[in-house]
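First comes the structure, then the notes that go with it.
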Amino acid sequence: MATDWLGSIVSINCGESLGVYQGRVSAVDQVSQTISLTRPFHNGVKCLVPEVTFRAGDITELKILEIPGPGDSRQCGDLQQTEMGIPGVGCQVGPSQNGTGKMLKKPISSSAPQNIPRRTDMKNQDIIISPQQQCSKSYMDRHVETLTQSKGFRRRHNSWSSSSRHPNQVTPKKSGLKNGQMKSKDDECFGDDIDEIPDTDFDFEGNLALFDKAAVFEEIETYERRSGTRSRGTPNEKPARYRHDENILESEPIVYRRIVVPQNANKEFCTDSGLVVPSVSYELHKKLLSVAEKHGLTLERRLEMTGVCASQMALSLLGGPNRLNPKNVHQRPTVALLCGPHVKGAQGISCGRHLSNHDVHVILFLPNFVKMLESITNELNLFSKTQGQQVSSVKDLPDTPVDLVINCLDCHENAFLRDQPWYKAVVDWANQNRAPVLSIDPPINEMEQGIDAKWSLALGLPLPLGERAGRVYLCDIGIPQKVFQEVGINYHSPFGCKFVIPLHST
């Protein structure tokens, strides 16, 4: 009985520790309850040893994949050409309670005749295929697959025609009623004859050359041009691309010169958007501020607005939110504020008050005078309520470089202040401190400045500043549009959403 299984291809599952082995049965010992496999595979990998032996106690499950025919143990092909791990027709062996292998079902003899049920009895019955028929079908499958691959084609899965099917093989037909006739869905799907497949490959390049794309697109373009329909895109048409700051919707053309002054400007500037901002003379600028004050824009309002805009620009120059935040207490910036005894100095004091409110260390320099302007006195009273420091001597200014110097020493009218000893001493200190300088409302080009500035802040409209003024910025101090029109200036605001904008020389 044991010799009947020699030459069979089996799959032995030895549990998670040993894994699954597959191979051809070479020996079965009933006395020692062992089975040997030749040319074995372990978990799909070919073993290095030619033969392995298993005890019945180590076997968890045994499946017979292929049984050889009578007289030829290798009729079904070698193990390397067999799909391992797929349960085949045959018998299963499972472990018994005492650990030894036990036959669950008697194997089907290859010499026993097969009873093929009739078509009418196949409805609720399973088809039984003999080991010899299973072996012949497997051999035929490999033969046809090799034949079709050599011709450059892939045979469809299990596509067997009636002419190429094994004569003893029975294929069950599923019952399906259509127009009163029984039809096989498998034959309808996989019933093509393998001999009808052509031997020549399909000529893709030749068929593609028959299609003239240029002529077809030209015909479509001509039709759309005649019919007035909008083209969805041709090969030569490129879609329009817009930048993030461009408007997709069509609008009126932009007028870049929206500010017109009554006299020819000595110098013109432009904003980041390209709007032209002409400069005005000092006399016209003074007249503009006088008319605005007459309509209610008093000096106190102008000083407050100038101080807010100047402090906002200074905070940006000091580092903005990257430096001025609660986590950077050790990096508190220091600003030296140099002011003279005039309205320009009062603007600087207002800026220093706002900077000190934003936790900036402000050192205010203001020379001692017997009588001060009322605007300076009012700003000093407010500044004294902050943590800022006020000095009147150059010796009290820091010896080390500060983060920023704000210059409000110069004035448009009082040029005699440049000859004062305190003025010259402060100018020398600022030039030796090597800190960047911001000038608020600097004088015009004809009056030479003692301190070279890196940035300059103009009020309302810029003056024709020289090269020593550095980069010019413009701030909005709140002058209404009709006030500009009253002094003869055609004005449209260039500020947009900001109160301080940079200007570029044209």
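Letters for chains follow the order of the structure tokens (A, B, ...), residue numbers begin at 1 for each chain, and ligand numbers begin at 1 in the order shown.
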
Run DSSP on the backbone and give me the residues of stretch 370-468 of chain A it puts in alpha helix (DSSP H), as a PyMOL selection string. chain A and resi 374-383+421-433

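For A:Val427, the non-local neighbours within 10 Å, defined as residues at least 2 positions apart in the same chain or in other chains and counting only C-alpha atoms, are Leu338, Val394, Asn407, Leu409, Arg418, Trp422, Tyr423, Lys424, Ala425, Trp429, Ala430, Asn431, Gln432, Gln449, Gly450, Ile451 and Asp452 of chain A.
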
DSSP on the backbone: what in stretch 373-495 of chain A comes out strand (DSSP E), as a PyMOL selection string? chain A and resi 389-391+404-408+437-440+455-459+471-475

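Taking atom CA of A:Asp212 as the reference point, atom CA of A:Thr200 is found at 25.3 Å.
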
As a list in words, please: the residues near A:Pro367 (cut-off 12 Å, only C-alpha atoms, same-chain neighbours under 5 positions excluded). Leu338, Cys339, Gly340, Pro341, His342, Gly345, Met372, Ile376, Gln390, Val391, Ser392, Ser393, Val394, Asp396, Leu409, Leu417, Gln420, Pro421, Trp422, Tyr423, Ala425 and Val426 of chain A

Pull N, CA and C atoms from the residues just selected and write them as a CSV table (one decimal), in the first residue's frame.
```csv
chain,number,residue,atom,x,y,z
A,338,LEU,N,17.7,111.6,18.5
A,338,LEU,CA,18.4,112.9,18.5
A,338,LEU,C,17.4,114.0,18.0
A,339,CYS,N,17.0,114.9,18.9
A,339,CYS,CA,15.9,115.9,18.5
A,339,CYS,C,16.5,117.3,18.8
A,340,GLY,N,16.0,118.3,18.0
A,340,GLY,CA,16.3,119.7,18.1
A,340,GLY,C,15.1,120.4,18.7
A,341,PRO,N,15.3,121.7,19.1
A,341,PRO,CA,14.2,122.5,19.7
A,341,PRO,C,13.3,123.1,18.7
A,342,HIS,N,12.6,122.3,17.9
A,342,HIS,CA,11.7,122.8,16.9
A,342,HIS,C,10.6,121.7,16.6
A,345,GLY,N,11.7,118.3,16.0
A,345,GLY,CA,12.1,117.6,17.2
A,345,GLY,C,10.9,117.0,18.0
A,372,MET,N,11.0,126.6,25.5
A,372,MET,CA,10.7,125.6,24.6
A,372,MET,C,9.4,125.9,23.9
A,376,ILE,N,6.7,120.9,21.9
A,376,ILE,CA,7.8,120.1,22.5
A,376,ILE,C,7.5,119.9,24.0
A,390,GLN,N,15.8,110.5,29.1
A,390,GLN,CA,16.1,111.7,28.5
A,390,GLN,C,17.4,112.3,28.9
A,391,VAL,N,18.3,112.7,28.0
A,391,VAL,CA,19.6,113.3,28.3
A,391,VAL,C,19.7,114.6,27.5
A,392,SER,N,20.6,115.5,28.0
A,392,SER,CA,20.9,116.8,27.4
A,392,SER,C,22.3,117.0,27.1
A,393,SER,N,23.2,116.0,27.4
A,393,SER,CA,24.6,116.1,27.1
A,393,SER,C,25.0,114.9,26.2
A,394,VAL,N,26.0,115.1,25.4
A,394,VAL,CA,26.5,114.1,24.5
A,394,VAL,C,27.2,113.0,25.4
A,396,ASP,N,26.3,111.7,28.0
A,396,ASP,CA,25.3,110.7,28.5
A,396,ASP,C,24.8,109.7,27.5
A,409,LEU,N,17.4,116.3,14.2
A,409,LEU,CA,18.1,117.6,14.5
A,409,LEU,C,17.9,118.7,13.5
A,417,LEU,N,21.3,126.6,13.8
A,417,LEU,CA,21.5,125.6,14.8
A,417,LEU,C,22.7,124.8,14.4
A,420,GLN,N,25.9,125.5,16.4
A,420,GLN,CA,26.0,125.4,17.8
A,420,GLN,C,26.9,124.2,18.2
A,421,PRO,N,27.6,124.4,19.4
A,421,PRO,CA,28.6,123.3,19.8
A,421,PRO,C,27.9,122.0,20.0
A,422,TRP,N,26.7,122.0,20.6
A,422,TRP,CA,26.0,120.7,20.9
A,422,TRP,C,25.6,120.0,19.6
A,423,TYR,N,25.3,120.8,18.6
A,423,TYR,CA,24.9,120.2,17.3
A,423,TYR,C,26.1,119.4,16.7
A,425,ALA,N,28.7,118.3,18.3
A,425,ALA,CA,29.1,117.2,19.1
A,425,ALA,C,28.2,116.0,18.8
A,426,VAL,N,26.9,116.2,18.7
A,426,VAL,CA,25.9,115.1,18.4
A,426,VAL,C,26.2,114.5,17.1
```

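Distances from A:Ser26, A:Thr298, A:Asn247, A:Gln331 to A:Ile477 were compared using only C-alpha atoms, and the smallest one belongs to A:Thr298.
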
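Counting only C-alpha atoms, A:Asp272 has the following residues at most 8 Å away, ignoring those fewer than 2 positions along the same chain: Cys270, Gly274, Leu275, Pro502, Leu503 and His504 of chain A.
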
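Using only C-alpha atoms, the contacts of A:Leu364 at a cut-off of 10 Å, with sequence neighbours closer than 2 positions omitted, comprise Val335, Ala336, Leu337, Leu338, Cys339, Gly348, Ile349, Gly352, Arg353, His361, Val362, Leu366, Pro367, Leu380, Phe383, Gly388, Gln389, Gln390, Val391, Ser392, Leu397 and Ile406 of chain A.
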
Can you write just those residues out, N, CA, C and O atoms, as a short mmCIF file (atom, residue, chain, number, x, y, z; two decimals), in the first residue's frame?
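Ended up saving to again_9.cif:
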```cif
data_model
loop_
_atom_site.label_atom_id
_atom_site.label_comp_id
_atom_site.auth_asym_id
_atom_site.auth_seq_id
_atom_site.Cartn_x
_atom_site.Cartn_y
_atom_site.Cartn_z
N VAL A 335 17.38 102.39 20.98
CA VAL A 335 17.26 103.43 19.95
C VAL A 335 17.72 104.75 20.56
O VAL A 335 17.28 105.12 21.66
N ALA A 336 18.60 105.44 19.85
CA ALA A 336 19.04 106.79 20.24
C ALA A 336 18.26 107.80 19.41
O ALA A 336 18.32 107.78 18.17
N LEU A 337 17.51 108.68 20.08
CA LEU A 337 16.64 109.66 19.43
C LEU A 337 17.26 111.04 19.59
O LEU A 337 17.37 111.56 20.71
N LEU A 338 17.70 111.63 18.49
CA LEU A 338 18.36 112.93 18.49
C LEU A 338 17.38 113.99 17.99
O LEU A 338 16.99 113.97 16.83
N CYS A 339 16.97 114.92 18.87
CA CYS A 339 15.94 115.91 18.54
C CYS A 339 16.48 117.32 18.79
O CYS A 339 17.29 117.55 19.70
N GLY A 348 9.94 113.77 16.53
CA GLY A 348 10.80 112.70 17.01
C GLY A 348 10.44 112.26 18.42
O GLY A 348 10.49 111.06 18.74
N ILE A 349 10.07 113.21 19.29
CA ILE A 349 9.68 112.85 20.66
C ILE A 349 8.40 111.99 20.64
O ILE A 349 8.27 111.03 21.41
N GLY A 352 9.42 108.56 19.74
CA GLY A 352 10.07 107.89 20.86
C GLY A 352 9.09 107.40 21.90
O GLY A 352 9.29 106.35 22.52
N ARG A 353 8.01 108.14 22.14
CA ARG A 353 7.00 107.71 23.10
C ARG A 353 6.34 106.40 22.64
O ARG A 353 6.14 105.48 23.44
N HIS A 361 14.01 100.25 24.31
CA HIS A 361 14.80 101.14 25.16
C HIS A 361 15.17 102.40 24.36
O HIS A 361 15.99 102.33 23.44
N VAL A 362 14.58 103.54 24.72
CA VAL A 362 14.74 104.79 23.99
C VAL A 362 15.57 105.75 24.84
O VAL A 362 15.26 105.97 26.02
N LEU A 366 17.93 115.89 23.91
CA LEU A 366 17.33 117.20 23.62
C LEU A 366 18.14 118.25 24.37
O LEU A 366 18.27 118.17 25.60
N PRO A 367 18.71 119.21 23.67
CA PRO A 367 19.53 120.24 24.36
C PRO A 367 18.67 121.11 25.27
O PRO A 367 17.46 121.26 25.06
N LEU A 380 7.11 116.24 25.68
CA LEU A 380 8.01 115.82 26.75
C LEU A 380 7.25 115.36 27.98
O LEU A 380 7.68 114.42 28.68
N PHE A 383 6.24 111.91 27.18
CA PHE A 383 7.39 111.00 27.12
C PHE A 383 7.91 110.67 28.51
O PHE A 383 8.42 109.56 28.76
N GLY A 388 11.30 105.64 28.94
CA GLY A 388 12.38 106.18 28.15
C GLY A 388 13.30 107.08 28.98
O GLY A 388 12.91 107.63 30.01
N GLN A 389 14.52 107.25 28.51
CA GLN A 389 15.54 108.03 29.20
C GLN A 389 15.83 109.31 28.42
O GLN A 389 16.02 109.25 27.20
N GLN A 390 15.83 110.45 29.09
CA GLN A 390 16.10 111.75 28.45
C GLN A 390 17.43 112.28 28.94
O GLN A 390 17.70 112.32 30.15
N VAL A 391 18.30 112.70 27.99
CA VAL A 391 19.60 113.29 28.30
C VAL A 391 19.74 114.59 27.53
O VAL A 391 19.10 114.80 26.50
N SER A 392 20.61 115.47 28.05
CA SER A 392 20.87 116.75 27.39
C SER A 392 22.33 116.95 27.06
O SER A 392 22.71 118.01 26.51
N LEU A 397 25.18 109.89 26.23
CA LEU A 397 24.78 108.95 25.17
C LEU A 397 25.62 107.68 25.27
O LEU A 397 26.76 107.71 25.77
N ILE A 406 17.64 107.70 15.32
CA ILE A 406 16.59 108.48 14.66
C ILE A 406 17.01 109.94 14.72
O ILE A 406 17.17 110.52 15.82
#
```

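Here atom CA of A:Val10 stands at a distance of 19.4 Å from atom CA of A:Ser32.
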
Rounded to one decimal in Å, what is the spacing between atom CA of A:Val31 and atom CA of A:Leu18? 23.4 Å

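Shell of stretch 480-483 of chain A at 12 Å, with only C-alpha atoms counted and residues fewer than 4 places along the chain excluded, is Ile259, His285, Lys287, Leu288, Leu289, Ser290, Val291, Ala292, Glu293, Lys294, His295, Gly296, Leu297, Gly460, Asp476, Val487, Gly488, Ile489, Asn490, Tyr491, His492, Ser493 and Pro494 of chain A.
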